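K.L.:
Below you will find the structure I want to go over with you.
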Amino acid sequence: MSSTRHRLLAATAVTAGTVALWRRATARSAERPEGGDRWLTVTVNRPPDEIDPDDPPEPLRRYADRIEVRTRPAPGGRGTELAARPRGGTPPAAASPLARLAGDDPRQDVRRALRDAKALLEAGEVLEPDAPPTTRDTPGGRLVGLVTRRSGGEGVL
């Protein structure tokens, strides 16, 4: 096979994958409640009586005037569910996949604060990756890095 055909096949595969991911993200956003006012939740490996929703961990405390926080026992007695959501909900336009990719979704800060609070409660500190990385990015790695940065480090587009 010629290199032109390889490039054409690769471009077609990337395009098909992108379209599939876009449809999946759009379908998921259509299933969500209007305004994106659902609770964002993490499960913390701590008993419920050790986590006070009125005095949340420091990462959540930074947003105390803009978020609601609640706790409840995790199913099966496996720790505590720590949940937060923006007060007053989120406008549907701000919760769209495009807003998430552009970094304009206000819930991204809440997600990050929840992850940091979980790390702080479980490990006693928020661990950060080494910067700069010790390896060189491949073209595919650059694409993944770009998408990951644009998605607010959520792990989900």
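Every chain in the structure tokens takes a letter, A first, then B, and so on in the order presented; its residues are numbered from 1, and the ligands are numbered from 1 following the presented order.
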Using DSSP on the backbone coordinates, identify the residues of range 6-79 of chain A assigned to alpha helix (DSSP H); present them as a PDB file with C-alpha atoms, in the first residue's frame.
P.N.:
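What follows is the written file result_32.pdb:
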ATOM      1  CA  HIS A   6      -2.064   4.954   4.600  1.00  0.00           C
ATOM      2  CA  ARG A   7      -2.552   8.657   5.254  1.00  0.00           C
ATOM      3  CA  LEU A   8      -6.041   8.568   3.774  1.00  0.00           C
ATOM      4  CA  LEU A   9      -6.991   5.559   5.919  1.00  0.00           C
ATOM      5  CA  ALA A  10      -5.548   7.190   9.027  1.00  0.00           C
ATOM      6  CA  ALA A  11      -7.400  10.456   8.345  1.00  0.00           C
ATOM      7  CA  THR A  12     -10.648   8.541   7.780  1.00  0.00           C
ATOM      8  CA  ALA A  13     -10.213   6.604  11.016  1.00  0.00           C
ATOM      9  CA  VAL A  14      -9.501   9.770  13.021  1.00  0.00           C
ATOM     10  CA  THR A  15     -12.514  11.529  11.482  1.00  0.00           C
ATOM     11  CA  ALA A  16     -14.819   8.572  12.183  1.00  0.00           C
ATOM     12  CA  GLY A  17     -13.580   8.373  15.766  1.00  0.00           C
ATOM     13  CA  THR A  18     -14.086  12.095  16.291  1.00  0.00           C
ATOM     14  CA  VAL A  19     -17.636  11.939  14.934  1.00  0.00           C
ATOM     15  CA  ALA A  20     -18.430   8.958  17.171  1.00  0.00           C
ATOM     16  CA  LEU A  21     -17.101  10.752  20.275  1.00  0.00           C
ATOM     17  CA  TRP A  22     -19.005  13.922  19.368  1.00  0.00           C
ATOM     18  CA  ARG A  23     -22.289  11.995  18.971  1.00  0.00           C
ATOM     19  CA  ARG A  24     -21.716  10.227  22.269  1.00  0.00           C
ATOM     20  CA  ALA A  25     -21.033  13.509  24.093  1.00  0.00           C
ATOM     21  CA  THR A  26     -24.060  15.170  22.511  1.00  0.00           C
ATOM     22  CA  ALA A  27     -26.323  12.234  23.419  1.00  0.00           C
ATOM     23  CA  ARG A  28     -25.043  12.286  27.008  1.00  0.00           C
ATOM     24  CA  SER A  29     -25.654  16.019  27.371  1.00  0.00           C
ATOM     25  CA  ALA A  30     -29.221  15.609  26.052  1.00  0.00           C
ATOM     26  CA  GLU A  31     -29.954  13.048  28.805  1.00  0.00           C
ATOM     27  CA  GLU A  58     -10.131  23.444  51.905  1.00  0.00           C
ATOM     28  CA  PRO A  59     -10.457  22.890  48.109  1.00  0.00           C
ATOM     29  CA  LEU A  60     -14.256  23.092  48.440  1.00  0.00           C
ATOM     30  CA  ARG A  61     -14.116  25.874  51.019  1.00  0.00           C
TER      31      ARG A  61
END
K.L.:
Which residues are close to range 75-81 of chain A, i.e. within 9 Å by only C-alpha atoms, leaving aside same-chain residues fewer than 6 positions away? Reply as number ranges by chain.
P.N.:
A: 41-49, 51
K.L.:
Would you please work out which residue, of A:Asp37, A:Glu50, A:Asp137, A:Asp65, is nearest to Glu122 in chain A when using only C-alpha atoms?
P.N.:
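Nearest to Glu122 in chain A: A:Glu50.
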K.L.:
Identify, on the basis of only C-alpha atoms, every residue whose closest approach to Leu40 in chain A does not exceed 12 Å; exclude the query and any residue fewer than 2 positions from it along the same chain; express the result as a PyMOL selection string.
P.N.:
chain A and resi 36-38+42-43+67-71+81-86+89+107-115+154
